[in-house]
Every structure is written in structure tokens, then in C-alpha cells.
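protein-v2.txt (compact mmCIF, N, CA and C atoms)
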```txt
# COMPACT_ATOMS: atom_id res chain seq x y z
N MET A 1 33.85 -64.22 11.37
CA MET A 1 33.73 -62.79 11.21
C MET A 1 32.52 -62.27 12.00
N THR A 2 32.71 -61.18 12.71
CA THR A 2 31.64 -60.59 13.50
C THR A 2 31.38 -59.16 13.02
N ASP A 3 30.44 -58.51 13.68
CA ASP A 3 30.15 -57.11 13.35
C ASP A 3 31.31 -56.20 13.73
N GLU A 4 32.19 -56.69 14.58
CA GLU A 4 33.34 -55.90 15.05
C GLU A 4 34.58 -56.09 14.18
N THR A 5 34.54 -57.02 13.22
CA THR A 5 35.70 -57.31 12.40
C THR A 5 35.93 -56.18 11.39
N PRO A 6 37.10 -55.52 11.45
CA PRO A 6 37.37 -54.42 10.51
C PRO A 6 37.76 -54.95 9.14
N VAL A 7 36.92 -54.71 8.14
CA VAL A 7 37.18 -55.24 6.81
C VAL A 7 37.06 -54.21 5.69
N TYR A 8 36.34 -53.12 5.90
CA TYR A 8 36.05 -52.17 4.82
C TYR A 8 37.05 -51.03 4.79
N VAL A 9 37.61 -50.76 3.61
CA VAL A 9 38.46 -49.58 3.43
C VAL A 9 37.56 -48.36 3.40
N ILE A 10 38.14 -47.17 3.50
CA ILE A 10 37.35 -45.96 3.65
C ILE A 10 36.42 -45.70 2.47
N SER A 11 36.86 -46.04 1.25
CA SER A 11 36.00 -45.79 0.08
C SER A 11 34.75 -46.67 0.12
N VAL A 12 34.91 -47.92 0.55
CA VAL A 12 33.77 -48.83 0.64
C VAL A 12 32.87 -48.42 1.81
N ALA A 13 33.47 -48.04 2.92
CA ALA A 13 32.69 -47.59 4.08
C ALA A 13 31.89 -46.35 3.72
N ALA A 14 32.50 -45.43 2.98
CA ALA A 14 31.79 -44.22 2.55
C ALA A 14 30.61 -44.59 1.66
N GLN A 15 30.82 -45.50 0.76
CA GLN A 15 29.75 -45.92 -0.14
C GLN A 15 28.62 -46.62 0.63
N LEU A 16 28.98 -47.50 1.54
CA LEU A 16 27.97 -48.23 2.32
C LEU A 16 27.18 -47.31 3.25
N SER A 17 27.83 -46.28 3.77
CA SER A 17 27.15 -45.37 4.70
C SER A 17 26.47 -44.21 4.00
N GLY A 18 26.79 -44.01 2.73
CA GLY A 18 26.18 -42.90 1.98
C GLY A 18 26.83 -41.57 2.29
N LEU A 19 28.05 -41.59 2.78
CA LEU A 19 28.78 -40.37 3.13
C LEU A 19 30.03 -40.23 2.29
N HIS A 20 30.58 -39.04 2.23
CA HIS A 20 31.83 -38.78 1.51
C HIS A 20 33.00 -39.25 2.38
N PRO A 21 34.07 -39.76 1.77
CA PRO A 21 35.22 -40.20 2.57
C PRO A 21 35.77 -39.10 3.49
N GLN A 22 35.73 -37.85 3.03
CA GLN A 22 36.22 -36.75 3.86
C GLN A 22 35.34 -36.59 5.11
N THR A 23 34.05 -36.86 4.98
CA THR A 23 33.14 -36.80 6.13
C THR A 23 33.52 -37.88 7.14
N LEU A 24 33.88 -39.06 6.64
CA LEU A 24 34.30 -40.13 7.54
C LEU A 24 35.56 -39.75 8.30
N ARG A 25 36.49 -39.09 7.61
CA ARG A 25 37.71 -38.63 8.28
C ARG A 25 37.39 -37.59 9.37
N GLN A 26 36.47 -36.68 9.04
CA GLN A 26 36.07 -35.67 10.01
C GLN A 26 35.40 -36.32 11.22
N TYR A 27 34.51 -37.28 10.97
CA TYR A 27 33.83 -37.98 12.07
C TYR A 27 34.84 -38.69 12.96
N GLU A 28 35.90 -39.23 12.34
CA GLU A 28 36.94 -39.89 13.13
C GLU A 28 37.68 -38.87 13.99
N ARG A 29 38.01 -37.71 13.42
CA ARG A 29 38.70 -36.67 14.19
C ARG A 29 37.86 -36.20 15.37
N LEU A 30 36.54 -36.14 15.19
CA LEU A 30 35.64 -35.71 16.25
C LEU A 30 35.34 -36.82 17.27
N GLY A 31 35.77 -38.04 16.96
CA GLY A 31 35.55 -39.15 17.87
C GLY A 31 34.18 -39.80 17.74
N LEU A 32 33.50 -39.55 16.61
CA LEU A 32 32.18 -40.14 16.41
C LEU A 32 32.28 -41.59 15.94
N VAL A 33 33.37 -41.94 15.32
CA VAL A 33 33.62 -43.31 14.89
C VAL A 33 35.12 -43.55 15.03
N SER A 34 35.47 -44.79 15.36
CA SER A 34 36.89 -45.12 15.56
C SER A 34 37.25 -46.38 14.79
N PRO A 35 37.58 -46.23 13.51
CA PRO A 35 37.95 -47.42 12.73
C PRO A 35 39.32 -47.95 13.17
N ASP A 36 39.52 -49.22 12.95
CA ASP A 36 40.83 -49.81 13.24
C ASP A 36 41.81 -49.34 12.17
N ARG A 37 43.08 -49.54 12.45
CA ARG A 37 44.13 -49.16 11.50
C ARG A 37 44.96 -50.39 11.14
N THR A 38 45.39 -50.42 9.89
CA THR A 38 46.28 -51.49 9.45
C THR A 38 47.70 -51.11 9.83
N ALA A 39 48.65 -52.01 9.55
CA ALA A 39 50.06 -51.71 9.84
C ALA A 39 50.52 -50.50 9.05
N GLY A 40 49.96 -50.29 7.86
CA GLY A 40 50.32 -49.15 7.02
C GLY A 40 49.50 -47.91 7.34
N ARG A 41 48.74 -47.92 8.44
CA ARG A 41 47.92 -46.81 8.94
C ARG A 41 46.65 -46.59 8.13
N GLY A 42 46.28 -47.53 7.27
CA GLY A 42 45.02 -47.41 6.53
C GLY A 42 43.84 -47.72 7.44
N ARG A 43 42.74 -47.03 7.21
CA ARG A 43 41.55 -47.24 8.04
C ARG A 43 40.81 -48.50 7.57
N ARG A 44 40.29 -49.23 8.56
CA ARG A 44 39.45 -50.39 8.27
C ARG A 44 38.20 -50.27 9.13
N TYR A 45 37.06 -50.23 8.48
CA TYR A 45 35.77 -50.06 9.15
C TYR A 45 35.07 -51.41 9.28
N SER A 46 34.40 -51.60 10.39
CA SER A 46 33.63 -52.82 10.63
C SER A 46 32.17 -52.55 10.27
N ALA A 47 31.37 -53.60 10.28
CA ALA A 47 29.93 -53.45 10.03
C ALA A 47 29.30 -52.58 11.13
N ARG A 48 29.81 -52.69 12.34
CA ARG A 48 29.31 -51.85 13.44
C ARG A 48 29.65 -50.38 13.19
N ASP A 49 30.86 -50.12 12.67
CA ASP A 49 31.25 -48.75 12.34
C ASP A 49 30.33 -48.17 11.26
N ILE A 50 30.00 -48.97 10.26
CA ILE A 50 29.11 -48.53 9.18
C ILE A 50 27.74 -48.18 9.76
N GLU A 51 27.25 -49.02 10.65
CA GLU A 51 25.96 -48.76 11.28
C GLU A 51 26.01 -47.47 12.10
N GLN A 52 27.11 -47.25 12.78
CA GLN A 52 27.26 -46.04 13.58
C GLN A 52 27.32 -44.81 12.68
N LEU A 53 27.97 -44.92 11.54
CA LEU A 53 28.01 -43.80 10.58
C LEU A 53 26.61 -43.48 10.08
N ARG A 54 25.83 -44.50 9.82
CA ARG A 54 24.44 -44.28 9.38
C ARG A 54 23.62 -43.62 10.48
N GLN A 55 23.87 -44.02 11.72
CA GLN A 55 23.16 -43.42 12.85
C GLN A 55 23.53 -41.95 13.00
N VAL A 56 24.81 -41.62 12.85
CA VAL A 56 25.26 -40.23 12.93
C VAL A 56 24.58 -39.41 11.84
N GLN A 57 24.54 -39.95 10.64
CA GLN A 57 23.90 -39.25 9.53
C GLN A 57 22.42 -39.02 9.80
N ALA A 58 21.73 -40.04 10.31
CA ALA A 58 20.30 -39.92 10.59
C ALA A 58 20.04 -38.90 11.69
N LEU A 59 20.83 -38.93 12.74
CA LEU A 59 20.65 -37.96 13.83
C LEU A 59 20.92 -36.54 13.35
N SER A 60 21.91 -36.39 12.49
CA SER A 60 22.26 -35.06 12.00
C SER A 60 21.23 -34.54 11.01
N GLN A 61 20.87 -35.34 10.04
CA GLN A 61 19.98 -34.88 8.98
C GLN A 61 18.51 -34.94 9.36
N ASP A 62 18.08 -36.05 9.96
CA ASP A 62 16.66 -36.22 10.26
C ASP A 62 16.24 -35.52 11.55
N GLU A 63 17.11 -35.53 12.56
CA GLU A 63 16.76 -34.97 13.86
C GLU A 63 17.32 -33.57 14.08
N GLY A 64 18.25 -33.16 13.23
CA GLY A 64 18.82 -31.82 13.36
C GLY A 64 19.76 -31.66 14.54
N ILE A 65 20.35 -32.74 15.00
CA ILE A 65 21.25 -32.69 16.15
C ILE A 65 22.66 -32.37 15.65
N ASN A 66 23.34 -31.46 16.36
CA ASN A 66 24.70 -31.12 15.93
C ASN A 66 25.66 -32.24 16.31
N LEU A 67 26.88 -32.17 15.77
CA LEU A 67 27.84 -33.27 15.95
C LEU A 67 28.27 -33.43 17.41
N ALA A 68 28.34 -32.34 18.16
CA ALA A 68 28.69 -32.44 19.58
C ALA A 68 27.59 -33.20 20.32
N GLY A 69 26.34 -32.92 19.99
CA GLY A 69 25.22 -33.63 20.61
C GLY A 69 25.22 -35.10 20.23
N ILE A 70 25.55 -35.36 18.98
CA ILE A 70 25.61 -36.76 18.51
C ILE A 70 26.71 -37.51 19.25
N LYS A 71 27.85 -36.85 19.45
CA LYS A 71 28.95 -37.49 20.18
C LYS A 71 28.50 -37.84 21.59
N HIS A 72 27.79 -36.91 22.22
CA HIS A 72 27.30 -37.16 23.58
C HIS A 72 26.30 -38.32 23.59
N ILE A 73 25.43 -38.38 22.61
CA ILE A 73 24.46 -39.47 22.50
C ILE A 73 25.18 -40.81 22.36
N ILE A 74 26.19 -40.84 21.51
CA ILE A 74 26.94 -42.09 21.28
C ILE A 74 27.67 -42.51 22.56
N GLU A 75 28.26 -41.54 23.27
CA GLU A 75 28.94 -41.86 24.53
C GLU A 75 27.95 -42.43 25.55
N LEU A 76 26.77 -41.83 25.62
CA LEU A 76 25.75 -42.34 26.55
C LEU A 76 25.27 -43.73 26.15
N GLN A 77 25.11 -43.96 24.86
CA GLN A 77 24.71 -45.29 24.40
C GLN A 77 25.77 -46.33 24.75
N ASN A 78 27.03 -45.96 24.59
CA ASN A 78 28.12 -46.88 24.95
C ASN A 78 28.13 -47.14 26.44
N GLN A 79 27.87 -46.10 27.22
CA GLN A 79 27.83 -46.25 28.68
C GLN A 79 26.68 -47.15 29.09
N VAL A 80 25.51 -46.98 28.47
CA VAL A 80 24.35 -47.83 28.78
C VAL A 80 24.67 -49.27 28.42
N ALA A 81 25.28 -49.49 27.27
CA ALA A 81 25.64 -50.86 26.86
C ALA A 81 26.61 -51.49 27.86
N ALA A 82 27.58 -50.72 28.32
CA ALA A 82 28.55 -51.24 29.30
C ALA A 82 27.85 -51.56 30.62
N LEU A 83 26.93 -50.70 31.04
CA LEU A 83 26.20 -50.94 32.28
C LEU A 83 25.28 -52.15 32.16
N GLN A 84 24.65 -52.31 31.01
CA GLN A 84 23.80 -53.49 30.81
C GLN A 84 24.63 -54.76 30.86
N SER A 85 25.80 -54.71 30.29
CA SER A 85 26.70 -55.86 30.33
C SER A 85 27.11 -56.16 31.77
N ARG A 86 27.37 -55.12 32.53
CA ARG A 86 27.75 -55.29 33.94
C ARG A 86 26.60 -55.87 34.76
N VAL A 87 25.37 -55.43 34.47
CA VAL A 87 24.20 -55.96 35.16
C VAL A 87 24.07 -57.45 34.90
N VAL A 88 24.25 -57.87 33.65
CA VAL A 88 24.17 -59.30 33.31
C VAL A 88 25.26 -60.06 34.06
N GLU A 89 26.45 -59.48 34.12
CA GLU A 89 27.56 -60.12 34.83
C GLU A 89 27.25 -60.26 36.32
N LEU A 90 26.70 -59.21 36.92
CA LEU A 90 26.37 -59.25 38.35
C LEU A 90 25.21 -60.20 38.64
N GLN A 91 24.24 -60.26 37.73
CA GLN A 91 23.13 -61.20 37.91
C GLN A 91 23.64 -62.63 37.89
N SER A 92 24.56 -62.89 37.00
CA SER A 92 25.15 -64.23 36.92
C SER A 92 25.91 -64.56 38.20
N ALA A 93 26.68 -63.60 38.71
CA ALA A 93 27.42 -63.82 39.96
C ALA A 93 26.46 -64.02 41.12
N LEU A 94 25.36 -63.26 41.14
CA LEU A 94 24.37 -63.40 42.21
C LEU A 94 23.71 -64.78 42.17
N GLU A 95 23.37 -65.23 40.98
CA GLU A 95 22.77 -66.56 40.85
C GLU A 95 23.74 -67.64 41.31
N GLY A 96 25.01 -67.47 40.97
CA GLY A 96 26.03 -68.43 41.41
C GLY A 96 26.18 -68.43 42.92
N ALA A 97 26.16 -67.26 43.53
CA ALA A 97 26.28 -67.16 44.99
C ALA A 97 25.05 -67.76 45.66
N ALA A 98 23.87 -67.53 45.10
CA ALA A 98 22.65 -68.09 45.67
C ALA A 98 22.67 -69.62 45.59
N ALA A 99 23.13 -70.15 44.46
CA ALA A 99 23.22 -71.60 44.31
C ALA A 99 24.22 -72.18 45.31
N ALA A 100 25.35 -71.50 45.50
CA ALA A 100 26.35 -71.98 46.47
C ALA A 100 25.79 -71.94 47.88
N MET A 101 25.05 -70.89 48.21
CA MET A 101 24.46 -70.77 49.54
C MET A 101 23.43 -71.89 49.76
N GLN A 102 22.62 -72.18 48.76
CA GLN A 102 21.64 -73.25 48.89
C GLN A 102 22.35 -74.59 49.07
N GLN A 103 23.46 -74.78 48.39
CA GLN A 103 24.22 -76.03 48.52
C GLN A 103 24.79 -76.15 49.94
N ARG A 104 25.33 -75.05 50.46
CA ARG A 104 25.87 -75.09 51.82
C ARG A 104 24.75 -75.33 52.83
N GLU A 105 23.62 -74.72 52.61
CA GLU A 105 22.47 -74.91 53.51
C GLU A 105 22.02 -76.37 53.49
N ALA A 106 21.98 -76.95 52.30
CA ALA A 106 21.58 -78.36 52.18
C ALA A 106 22.59 -79.26 52.90
N THR A 107 23.87 -78.91 52.83
CA THR A 107 24.90 -79.69 53.50
C THR A 107 24.72 -79.61 55.02
N VAL A 108 24.41 -78.41 55.52
CA VAL A 108 24.18 -78.25 56.96
C VAL A 108 22.97 -79.06 57.40
N HIS A 109 21.89 -78.98 56.64
CA HIS A 109 20.68 -79.74 57.00
C HIS A 109 20.95 -81.24 56.95
N ALA A 110 21.76 -81.67 56.01
CA ALA A 110 22.07 -83.09 55.91
C ALA A 110 22.93 -83.57 57.07
N SER A 111 23.63 -82.65 57.71
CA SER A 111 24.52 -83.05 58.81
C SER A 111 23.79 -83.16 60.15
N TYR A 112 22.54 -82.80 60.20
CA TYR A 112 21.79 -82.89 61.46
C TYR A 112 21.75 -84.36 61.91
N ARG A 113 21.82 -84.55 63.23
CA ARG A 113 21.71 -85.90 63.78
C ARG A 113 20.27 -86.34 63.70
N ARG A 114 20.07 -87.52 63.21
CA ARG A 114 18.72 -88.04 63.03
C ARG A 114 18.28 -88.94 64.19
N ASP A 115 19.23 -89.26 65.10
CA ASP A 115 18.89 -90.15 66.20
C ASP A 115 18.26 -89.41 67.38
N LEU A 116 18.23 -88.12 67.32
CA LEU A 116 17.63 -87.34 68.40
C LEU A 116 16.17 -87.07 68.07
N VAL A 117 15.36 -87.15 69.09
CA VAL A 117 13.94 -86.86 68.91
C VAL A 117 13.73 -85.40 69.27
N PRO A 118 13.09 -84.66 68.42
CA PRO A 118 12.89 -83.26 68.75
C PRO A 118 11.98 -83.10 69.96
N TYR A 119 12.30 -82.15 70.80
CA TYR A 119 11.53 -81.88 72.00
C TYR A 119 10.29 -81.09 71.64
N GLN A 120 9.16 -81.56 72.17
CA GLN A 120 7.91 -80.82 71.98
C GLN A 120 7.33 -80.57 73.35
N GLU A 121 7.01 -79.34 73.63
CA GLU A 121 6.45 -79.00 74.91
C GLU A 121 5.04 -79.56 74.99
N ALA A 122 4.74 -80.17 76.15
CA ALA A 122 3.42 -80.76 76.34
C ALA A 122 2.38 -79.65 76.42
N GLU A 123 1.20 -79.96 75.92
CA GLU A 123 0.12 -78.99 76.00
C GLU A 123 -0.38 -78.92 77.44
N PRO A 124 -0.69 -77.74 77.93
CA PRO A 124 -1.19 -77.63 79.31
C PRO A 124 -2.54 -78.33 79.44
N THR A 125 -2.68 -79.03 80.55
CA THR A 125 -3.95 -79.73 80.79
C THR A 125 -4.70 -79.03 81.89
N ARG A 126 -5.98 -79.25 81.99
CA ARG A 126 -6.80 -78.67 83.06
C ARG A 126 -6.88 -79.70 84.18
N ALA A 127 -6.20 -79.38 85.19
CA ALA A 127 -6.25 -80.28 86.35
C ALA A 127 -7.44 -79.90 87.22
N THR A 128 -8.12 -80.92 87.73
CA THR A 128 -9.25 -80.68 88.62
C THR A 128 -8.77 -80.84 90.05
N VAL A 129 -9.09 -79.86 90.87
CA VAL A 129 -8.69 -79.91 92.28
C VAL A 129 -9.92 -80.31 93.09
N ALA A 130 -9.74 -81.37 93.83
CA ALA A 130 -10.86 -81.82 94.66
C ALA A 130 -10.82 -81.06 95.97
N ARG A 131 -11.94 -80.58 96.42
CA ARG A 131 -12.04 -79.86 97.70
C ARG A 131 -13.00 -80.62 98.60
N ARG A 132 -12.68 -80.51 99.82
CA ARG A 132 -13.60 -81.11 100.78
C ARG A 132 -14.76 -80.15 101.00
N PRO A 133 -15.88 -80.73 101.27
CA PRO A 133 -17.02 -79.85 101.56
C PRO A 133 -16.78 -79.10 102.85
N ARG A 134 -17.35 -77.98 102.93
CA ARG A 134 -17.19 -77.10 104.07
C ARG A 134 -18.07 -77.55 105.21
N ARG A 135 -17.53 -77.52 106.40
CA ARG A 135 -18.35 -77.88 107.56
C ARG A 135 -19.15 -76.67 107.98
N PRO A 136 -20.35 -76.93 108.39
CA PRO A 136 -21.15 -75.78 108.84
C PRO A 136 -20.55 -75.19 110.10
N GLY A 137 -20.34 -73.90 110.01
CA GLY A 137 -19.83 -73.16 111.13
C GLY A 137 -18.34 -73.30 111.31
N GLY A 138 -17.72 -74.11 110.58
CA GLY A 138 -16.30 -74.31 110.75
C GLY A 138 -15.49 -73.50 109.73
N PRO A 139 -14.17 -73.55 109.92
CA PRO A 139 -13.30 -72.82 108.97
C PRO A 139 -13.35 -73.50 107.61
N PRO A 140 -13.14 -72.71 106.61
CA PRO A 140 -13.14 -73.34 105.27
C PRO A 140 -11.99 -74.32 105.16
N SER A 141 -12.26 -75.38 104.46
CA SER A 141 -11.18 -76.38 104.27
C SER A 141 -10.43 -76.04 103.02
N GLY A 142 -9.25 -76.45 103.01
CA GLY A 142 -8.50 -76.01 101.89
C GLY A 142 -7.49 -76.85 101.46
```
Would you kindly transcribe this structure into C-alpha cells?
Amino acid sequence: MTDETPVYVISVAAQLSGLHPQTLRQYERLGLVSPDRTAGRGRRYSARDIEQLRQVQALSQDEGINLAGIKHIIELQNQVAALQSRVVELQSALEGAAAAMQQREATVHASYRRDLVPYQEAEPTRATVARRPRRPGGPPSG
């Protein structure tokens, strides 16, 4: 059983949330909570639904937010949760792609021929040029 498992009938959900059953029906009509339905069309509320009902009550009574504003807040919270889930999914995919790339890179490096000696350019040396001494009065030697 999880927080998403619908187990509470409307009378129990009303009692747990501190609201009247008619208020729960109204909240459902407004889209503030969406309980599951049984085959006989009876409402079944989950622990998450009960928590959401409590949040609606707190926002309405404590913060003075109207029901349209509360609906917008809930929609935004659901959108944020979906986006956070997507970020986790994309991070996982990115990590997998990075690991695959590192594996391919390691395979390429392992395939290098080891019998070849890498070429290194020789460092330039200072060569000394010997010159003949100059003859007096004669052309310079070169």
C-alpha cells in the first residue's frame, strides 16, 4: 500500500481532513482533488488525497486564498513535481551517455598500436660556424 492507494470512503476522508463530505464533493467538482472511483461509482480517497484536502483547507482558511487560486497553486505544484521528475530522468540519461562515451573512448585508446614510437621533434641546437680570419687588405672571407 502506498500514499496513492485509494482506500478511504468519503465519510472517512471527510473526518480525516476535518471537512464536511459536501465540501469534498465540491472540491472534486472544482478539480481540487480527484479521488478514484469504485465500480459502483463510490469515491475512494488516498492518503495523498487527504493531505491535499488538508492543504486546500489551510490555504483557504489560514492564507485567505480563494478556491480558484488554490487550484492554480495545486496545478503549479503538480507541474513542478513533473518537471523535477523529468530532470532526474534526464540526469540519469546524461550520466548513462557520459559513461558510454568514456567506455568508447577507452576502447579507442586501447586500440592504439603500441609498436610505434611517437615522433618527437629534436630541440634546435646552436651550431657554431667557423670563419677564417680576414686577410689584411683583402676581401672578407666567407
Using Å and a single decimal, report how far atom CA of Ile50 of chain A sits from atom CA of Gln15 of chain A.
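Atom CA of Ile50 of chain A lies 9.7 Å from atom CA of Gln15 of chain A.
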Can you list, as a list in words, every protein, DNA or RNA residue that comes within 6.5 Å of Arg48 of chain A when you count all atoms listed in the file, leaving out same-chain residues fewer than 6 positions away?
Asp3, Glu4 and Thr5 of chain A
Let me make sure I understand: among A:Gln120, A:Ser111, A:Gln102, A:Gln52, which one has the smallest atom-to-atom distance to Glu75 of chain A if we use only C-alpha atoms?
A:Gln52
Find the residues around Arg54 of chain A up to 8 Å (all atoms listed in the file counted), leave out those fewer than 5 positions away in its own chain, and share them as a PyMOL selection string.
chain A and resi 16-19+48-49+59-60
How many Å separate atom CA of Arg43 of chain A from atom CA of Ala58 of chain A?
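Atom-to-atom, atom CA of Arg43 of chain A to atom CA of Ala58 of chain A, that is 22.6 Å.
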What does the distance from atom N of Thr2 of chain A to atom N of Ser34 of chain A come to in Å, to one decimal?
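Interatomic distance, atom N of Thr2 of chain A to atom N of Ser34 of chain A: 16.8 Å.
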With only C-alpha atoms as the basis for distance, which of A:His109, A:Ile74, A:Ser85, A:Gly42 is at the shortest distance from Gln55 of chain A?
A:Ile74
Compare A:Ala68, A:Val9, A:Arg132, A:Val56 by their minimum atom-to-atom distance to Arg41 of chain A, counting only C-alpha atoms, and give me the closest one.
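Of A:Ala68, A:Val9, A:Arg132, A:Val56, the one nearest Arg41 of chain A is A:Val9, counting only C-alpha atoms.
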Please report, as a ChimeraX atom specification, each residue of segment 2-142 of chain A to which DSSP assigns alpha helix (DSSP H) when run on this structure's backbone.
/A:10-17,21-30,47-61,67-110
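Distances from A:Ala39, A:Leu30, A:Leu94, A:Val88 to Ile70 of chain A were compared using only C-alpha atoms, and the smallest one belongs to A:Leu30.
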From the DSSP assignment of the backbone, select every residue of segment 14-126 of chain A that is strand (DSSP E or B), and format the answer as a ChimeraX atom specification.
/A:36-37,43-45
Can you spit out the residues from that selection as an mmCIF file, keeping the file's coordinate frame, using N, CA and C atoms?
```
data_model
loop_
_atom_site.group_PDB
_atom_site.id
_atom_site.type_symbol
_atom_site.label_atom_id
_atom_site.label_comp_id
_atom_site.auth_asym_id
_atom_site.auth_seq_id
_atom_site.Cartn_x
_atom_site.Cartn_y
_atom_site.Cartn_z
ATOM 1 N N ASP A 36 39.520 -49.220 12.950
ATOM 2 C CA ASP A 36 40.830 -49.810 13.240
ATOM 3 C C ASP A 36 41.810 -49.340 12.170
ATOM 4 N N ARG A 37 43.080 -49.540 12.450
ATOM 5 C CA ARG A 37 44.130 -49.160 11.500
ATOM 6 C C ARG A 37 44.960 -50.390 11.140
ATOM 7 N N ARG A 43 42.740 -47.030 7.210
ATOM 8 C CA ARG A 43 41.550 -47.240 8.040
ATOM 9 C C ARG A 43 40.810 -48.500 7.570
ATOM 10 N N ARG A 44 40.290 -49.230 8.560
ATOM 11 C CA ARG A 44 39.450 -50.390 8.270
ATOM 12 C C ARG A 44 38.200 -50.270 9.130
ATOM 13 N N TYR A 45 37.060 -50.230 8.480
ATOM 14 C CA TYR A 45 35.770 -50.060 9.150
ATOM 15 C C TYR A 45 35.070 -51.410 9.280
#
```
Can you list, as JSON, numbers by chain, every protein, DNA or RNA residue that comes within 6 Å of Val7 of chain A when you count only C-alpha atoms, leaving out same-chain residues fewer than 2 positions away?
{"A": [44, 45, 46]}
Just N, CA and C atoms for this one: save the residues we selected as a tab-separated table (two decimals), keeping the file's coordinate frame.
```
chain	number	residue	atom	x	y	z
A	44	ARG	N	40.29	-49.23	8.56
A	44	ARG	CA	39.45	-50.39	8.27
A	44	ARG	C	38.20	-50.27	9.13
A	45	TYR	N	37.06	-50.23	8.48
A	45	TYR	CA	35.77	-50.06	9.15
A	45	TYR	C	35.07	-51.41	9.28
A	46	SER	N	34.40	-51.60	10.39
A	46	SER	CA	33.63	-52.82	10.63
A	46	SER	C	32.17	-52.55	10.27
```
Given the choices A:Leu32, A:Arg104, A:Pro118, A:Ala47, which gets closest to Asn78 of chain A if the distance is worked out from only C-alpha atoms?
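Ranking A:Leu32, A:Arg104, A:Pro118, A:Ala47 by distance to Asn78 of chain A, first place goes to A:Leu32.
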